[in-house]
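Peer 1: Quick one: structure below, then a few questions.
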Amino acid sequence: MRSLKRFRMPLAVAAATALAGVAAGPSGPVAAAEKGSGTLSGDAPVEVIADGLQSPRDLAWTPGGRLLVSEAGGIKQLCDSADLMTAKCFSTTGAITDVTDGEKKPFVQGLASNVNNAEVVGPNAMEYVNGRLHVLQAGHSIGLPEWLPRDLSNTLKGQAGRVLQIKGSKVRAFANPGATGYQWMKDNPDLVTEDPTSNPTSMAAKPGGGFYYVDAAANILGEVDRKGKVKVLKWFPKTPNGADAVPTCVDVGPDGAVYAGQLTGFGNTGQNAANIYRYDPKTGELKVWESGFATISGCGFGANGDFYVTQFDVTGFPSPGDPQGVVVQIAKDGTRTDLGLGKLFAPQGFLAGPDGSIYVTNNSVWYPVGTTNRWDKGEVVKIG
């Protein structure tokens, strides 16, 4: 079965698919702009505040209020094929960039990056804990080509699939969820039908220390403790048609529960195949909380407690055309409001603004397939 190796989007050559189910929580109808349904209305302004980014992924605030964006990387790299669209390329073009003032200011550079069949794998999720920035590098480091230069190979092996702890100019590996996901797939052949791989893509700070994370290739929810030890908590079930779940985002709610959204993957062409799951750390129960989404690429709670879902495309996976995205606001009473509809192209990530606004990355992937016309056209967008 084809699966999402490294956060594969609708442009990917192969991908994984996901579970459709009946929501255990509220799943109200989408409201165009119902007043009082949440912080933002459907006609909330959409503003590009930074552009010229290379495959932007996640967003984070520094303790001092600076706005950071993770860039998975560009195309200036070593490849094992002359055709970039089918090549596997390697570099250290991944970066964390400060875009607070609308201009790109380097914050962290030289992070591992991998172009694989027109998609970019590199730094993804970011979290500040105890004054230190932690960055989750997607993918894994197993099976790198032997012909890579030693310095580059060592960097890739030391970063891919890991949680990196960054302080100043120092970058060190804190945990290795990529290796855990790879081993979990080897140990659970009854749940997987493909060669082992791993792709940790999103993480959230865990109350009391450490992180929760999701792996989009192994289809698992895991945790990293304060010492960097990794543990698998739950496996996300397959869809009724047998495709993978592909979890892509995670956040901790005001109630202490863990909420995770799924992209779904190849074969789920419907507009309501993706779910938001809720995991209860006290009971270990994982169940569908909200349903009826298309392709979830980011999620999280806003300043007022509403839940937000970034959708890569509104038509399902794979997209039958250009991936037109949206952010769905879910009010505490279950009412849904579409934000940015018709103004977002393949958005990812989510960040709550202190004033009730929200932020997502835009133009996050190359498209159409066979071209590179969006590899450096990434944006940060403010809604509200």
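Going through the structure tokens in order, the chains are called A, B, and so on, while each chain numbers its residues from 1 and the ligands are numbered from 1 in the order shown.
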Write down as a PyMOL selection string the residues belonging to region 180-255 of chain A that are assigned helix (DSSP H, G or I) by DSSP computed on the backbone.
Peer 2: chain A and resi 180-187
Peer 1: Would you save the residues of that selection, restricted to C-alpha atoms, as a PDB file, in the first residue's frame?
Peer 2:
```
ATOM      1  CA  THR A 180      11.065   5.087  17.359  1.00  0.00           C
ATOM      2  CA  GLY A 181       8.499   5.229  14.552  1.00  0.00           C
ATOM      3  CA  TYR A 182      10.740   3.195  12.265  1.00  0.00           C
ATOM      4  CA  GLN A 183      11.202   0.507  14.906  1.00  0.00           C
ATOM      5  CA  TRP A 184       7.498   0.517  15.768  1.00  0.00           C
ATOM      6  CA  MET A 185       6.630  -0.282  12.162  1.00  0.00           C
ATOM      7  CA  LYS A 186       9.110  -3.152  12.178  1.00  0.00           C
ATOM      8  CA  ASP A 187       7.599  -4.497  15.388  1.00  0.00           C
TER       9      ASP A 187
END
```
Peer 1: Show me, as a list in words, the residues that have an atom within 8 Å of Lys332 (chain A) when counting only C-alpha atoms, minus same-chain residues fewer than 3 positions from it.
Peer 2: Gly38, Gly305, Asp306, Phe307 and Thr335 of chain A
Peer 1: Each residue of region 59-129 of chain A lying at most 12 Å from region 240-260 of chain A should get a row with its shortest atom-to-atom pair and the distance in Å to one decimal, counting only C-alpha atoms; could you produce that, ordered by chain and increasing number, as a tab-separated table?
Peer 2:
```
residue	atom	partner	partner_atom	distance
A:Asn124	CA	A:Thr248	CA	10.5
A:Ala125	CA	A:Cys249	CA	9.0
A:Met126	CA	A:Val250	CA	11.8
A:Glu127	CA	A:Asp251	CA	11.1
```
Peer 1: Can you spit out the residues from that selection as a tab-separated table (two decimals), in the first residue's frame, using all heavy atoms?
Peer 2:
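result-v9.tsv, written as the output of this step:
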```
chain	number	residue	atom	x	y	z
A	124	ASN	N	10.10	21.11	10.89
A	124	ASN	CA	8.65	21.23	10.88
A	124	ASN	C	8.15	21.98	12.10
A	124	ASN	O	8.14	23.20	12.13
A	124	ASN	CB	8.00	19.85	10.79
A	124	ASN	CG	7.33	19.59	9.46
A	124	ASN	OD1	7.95	19.71	8.42
A	124	ASN	ND2	6.06	19.22	9.49
A	125	ALA	N	7.74	21.26	13.12
A	125	ALA	CA	7.11	21.87	14.29
A	125	ALA	C	8.13	22.55	15.19
A	125	ALA	O	9.31	22.18	15.24
A	125	ALA	CB	6.36	20.81	15.08
A	126	MET	N	7.65	23.58	15.91
A	126	MET	CA	8.50	24.32	16.85
A	126	MET	C	7.77	24.53	18.16
A	126	MET	O	6.56	24.77	18.18
A	126	MET	CB	8.88	25.68	16.26
A	126	MET	CG	9.67	25.62	14.97
A	126	MET	SD	10.07	27.29	14.35
A	126	MET	CE	8.44	27.84	13.83
A	127	GLU	N	8.51	24.44	19.26
A	127	GLU	CA	7.97	24.71	20.59
A	127	GLU	C	9.06	25.32	21.46
A	127	GLU	O	10.20	24.88	21.43
A	127	GLU	CB	7.47	23.42	21.26
A	127	GLU	CG	6.15	22.88	20.73
A	127	GLU	CD	4.95	23.65	21.26
A	127	GLU	OE1	5.12	24.48	22.17
A	127	GLU	OE2	3.83	23.39	20.78
```
Peer 1: Please run DSSP on the backbone and report, as a count of residues only, all residues within region 7-185 of chain A that come out as strand (DSSP E).
Peer 2: 73
Peer 1: Taking 2 positions as the minimum chain separation for residues in the same chain, which residues sit within 12 Å of Pro354 (chain A) when counting only C-alpha atoms? Answer as a PyMOL selection string.
Peer 2: chain A and resi 39+61+65+67+301-305+351-352+356-359+384
Peer 1: Could the residues in this selection be written to a file with N, CA, C and O atoms, as a compact mmCIF listing (two decimals), in the first residue's frame?
Peer 2:
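Ended up saving to result_1.txt:
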```
# COMPACT_ATOMS: atom_id res chain seq x y z
N THR A 39 -14.10 34.02 17.74
CA THR A 39 -13.35 35.26 17.66
C THR A 39 -13.47 35.92 16.29
O THR A 39 -13.57 37.13 16.18
N TRP A 61 5.84 31.64 18.46
CA TRP A 61 6.25 32.89 19.10
C TRP A 61 7.47 32.63 19.98
O TRP A 61 7.55 31.62 20.68
N GLY A 65 8.07 37.56 22.00
CA GLY A 65 7.02 37.98 21.09
C GLY A 65 7.42 38.09 19.63
O GLY A 65 6.68 38.65 18.83
N LEU A 67 7.98 36.51 15.86
CA LEU A 67 7.28 35.49 15.09
C LEU A 67 8.28 34.70 14.24
O LEU A 67 8.98 35.26 13.40
N PHE A 301 -5.61 25.38 19.33
CA PHE A 301 -6.58 26.20 20.05
C PHE A 301 -6.21 27.68 19.96
O PHE A 301 -5.04 28.05 20.06
N GLY A 302 -7.23 28.51 19.77
CA GLY A 302 -7.04 29.94 19.71
C GLY A 302 -7.00 30.56 21.09
O GLY A 302 -7.15 29.89 22.12
N ALA A 303 -6.82 31.87 21.13
CA ALA A 303 -6.68 32.59 22.38
C ALA A 303 -7.93 32.49 23.25
O ALA A 303 -7.85 32.53 24.48
N ASN A 304 -9.10 32.33 22.62
CA ASN A 304 -10.35 32.28 23.39
C ASN A 304 -10.85 30.86 23.59
O ASN A 304 -11.96 30.65 24.08
N GLY A 305 -10.05 29.85 23.22
CA GLY A 305 -10.44 28.47 23.43
C GLY A 305 -11.13 27.82 22.25
O GLY A 305 -11.42 26.62 22.29
N LEU A 351 -1.05 29.01 14.19
CA LEU A 351 -0.55 29.72 15.37
C LEU A 351 -1.58 30.73 15.80
O LEU A 351 -2.08 31.51 14.99
N ALA A 352 -1.91 30.74 17.07
CA ALA A 352 -2.86 31.69 17.61
C ALA A 352 -2.16 33.01 17.91
O ALA A 352 -1.07 33.05 18.47
N GLY A 356 -6.51 37.55 19.08
CA GLY A 356 -7.62 36.83 18.48
C GLY A 356 -7.41 36.50 17.02
O GLY A 356 -8.18 35.74 16.45
N SER A 357 -6.36 37.04 16.40
CA SER A 357 -6.03 36.69 15.03
C SER A 357 -5.36 35.32 15.01
O SER A 357 -4.98 34.77 16.04
N ILE A 358 -5.21 34.75 13.81
CA ILE A 358 -4.50 33.49 13.66
C ILE A 358 -3.51 33.61 12.51
O ILE A 358 -3.62 34.50 11.66
N TYR A 359 -2.54 32.69 12.47
CA TYR A 359 -1.51 32.70 11.44
C TYR A 359 -1.35 31.29 10.87
O TYR A 359 -1.42 30.30 11.61
N GLY A 384 -7.56 37.87 10.36
CA GLY A 384 -8.17 38.58 11.48
C GLY A 384 -7.47 39.90 11.79
O GLY A 384 -6.39 40.19 11.30
```
Peer 1: I'd like a table as JSON lines: residues in region 91-113 of chain A with an atom no more than 10 Å from region 159-177 of chain A, each row giving the shortest atom pair and its distance in Å to one decimal, only C-alpha atoms counted, sorted by chain and rising residue number.
Peer 2:
```
{"residue": "A:Phe107", "atom": "CA", "partner": "A:Gly168", "partner_atom": "CA", "distance": 8.8}
{"residue": "A:Val108", "atom": "CA", "partner": "A:Ser169", "partner_atom": "CA", "distance": 7.2}
{"residue": "A:Gln109", "atom": "CA", "partner": "A:Ser169", "partner_atom": "CA", "distance": 9.0}
{"residue": "A:Gly110", "atom": "CA", "partner": "A:Val171", "partner_atom": "CA", "distance": 9.9}
{"residue": "A:Leu111", "atom": "CA", "partner": "A:Gln159", "partner_atom": "CA", "distance": 7.6}
{"residue": "A:Ala112", "atom": "CA", "partner": "A:Gln159", "partner_atom": "CA", "distance": 6.3}
{"residue": "A:Ser113", "atom": "CA", "partner": "A:Ala160", "partner_atom": "CA", "distance": 8.2}
```
Peer 1: Take the residues from that selection and put them in a file with N, CA and C atoms, as a PDB file, in the first residue's frame.
Peer 2:
```
ATOM      1  N   PHE A 107      17.305  33.160  11.864  1.00  0.00           N
ATOM      2  CA  PHE A 107      17.268  32.848  13.298  1.00  0.00           C
ATOM      3  C   PHE A 107      18.093  31.602  13.566  1.00  0.00           C
ATOM      4  N   VAL A 108      17.847  30.553  12.801  1.00  0.00           N
ATOM      5  CA  VAL A 108      18.660  29.336  12.827  1.00  0.00           C
ATOM      6  C   VAL A 108      18.828  28.885  11.380  1.00  0.00           C
ATOM      7  N   GLN A 109      20.051  28.588  10.972  1.00  0.00           N
ATOM      8  CA  GLN A 109      20.310  28.140   9.612  1.00  0.00           C
ATOM      9  C   GLN A 109      21.075  26.827   9.624  1.00  0.00           C
ATOM     10  N   GLY A 110      21.197  26.223   8.437  1.00  0.00           N
ATOM     11  CA  GLY A 110      21.999  25.019   8.312  1.00  0.00           C
ATOM     12  C   GLY A 110      21.339  23.747   8.806  1.00  0.00           C
ATOM     13  N   LEU A 111      19.990  23.709   8.813  1.00  0.00           N
ATOM     14  CA  LEU A 111      19.299  22.506   9.269  1.00  0.00           C
ATOM     15  C   LEU A 111      19.092  21.535   8.110  1.00  0.00           C
ATOM     16  N   ALA A 112      18.998  20.256   8.444  1.00  0.00           N
ATOM     17  CA  ALA A 112      18.883  19.201   7.439  1.00  0.00           C
ATOM     18  C   ALA A 112      17.642  19.380   6.581  1.00  0.00           C
ATOM     19  N   SER A 113      17.796  19.137   5.270  1.00  0.00           N
ATOM     20  CA  SER A 113      16.700  19.259   4.319  1.00  0.00           C
ATOM     21  C   SER A 113      16.830  18.169   3.267  1.00  0.00           C
TER      22      SER A 113
END
```
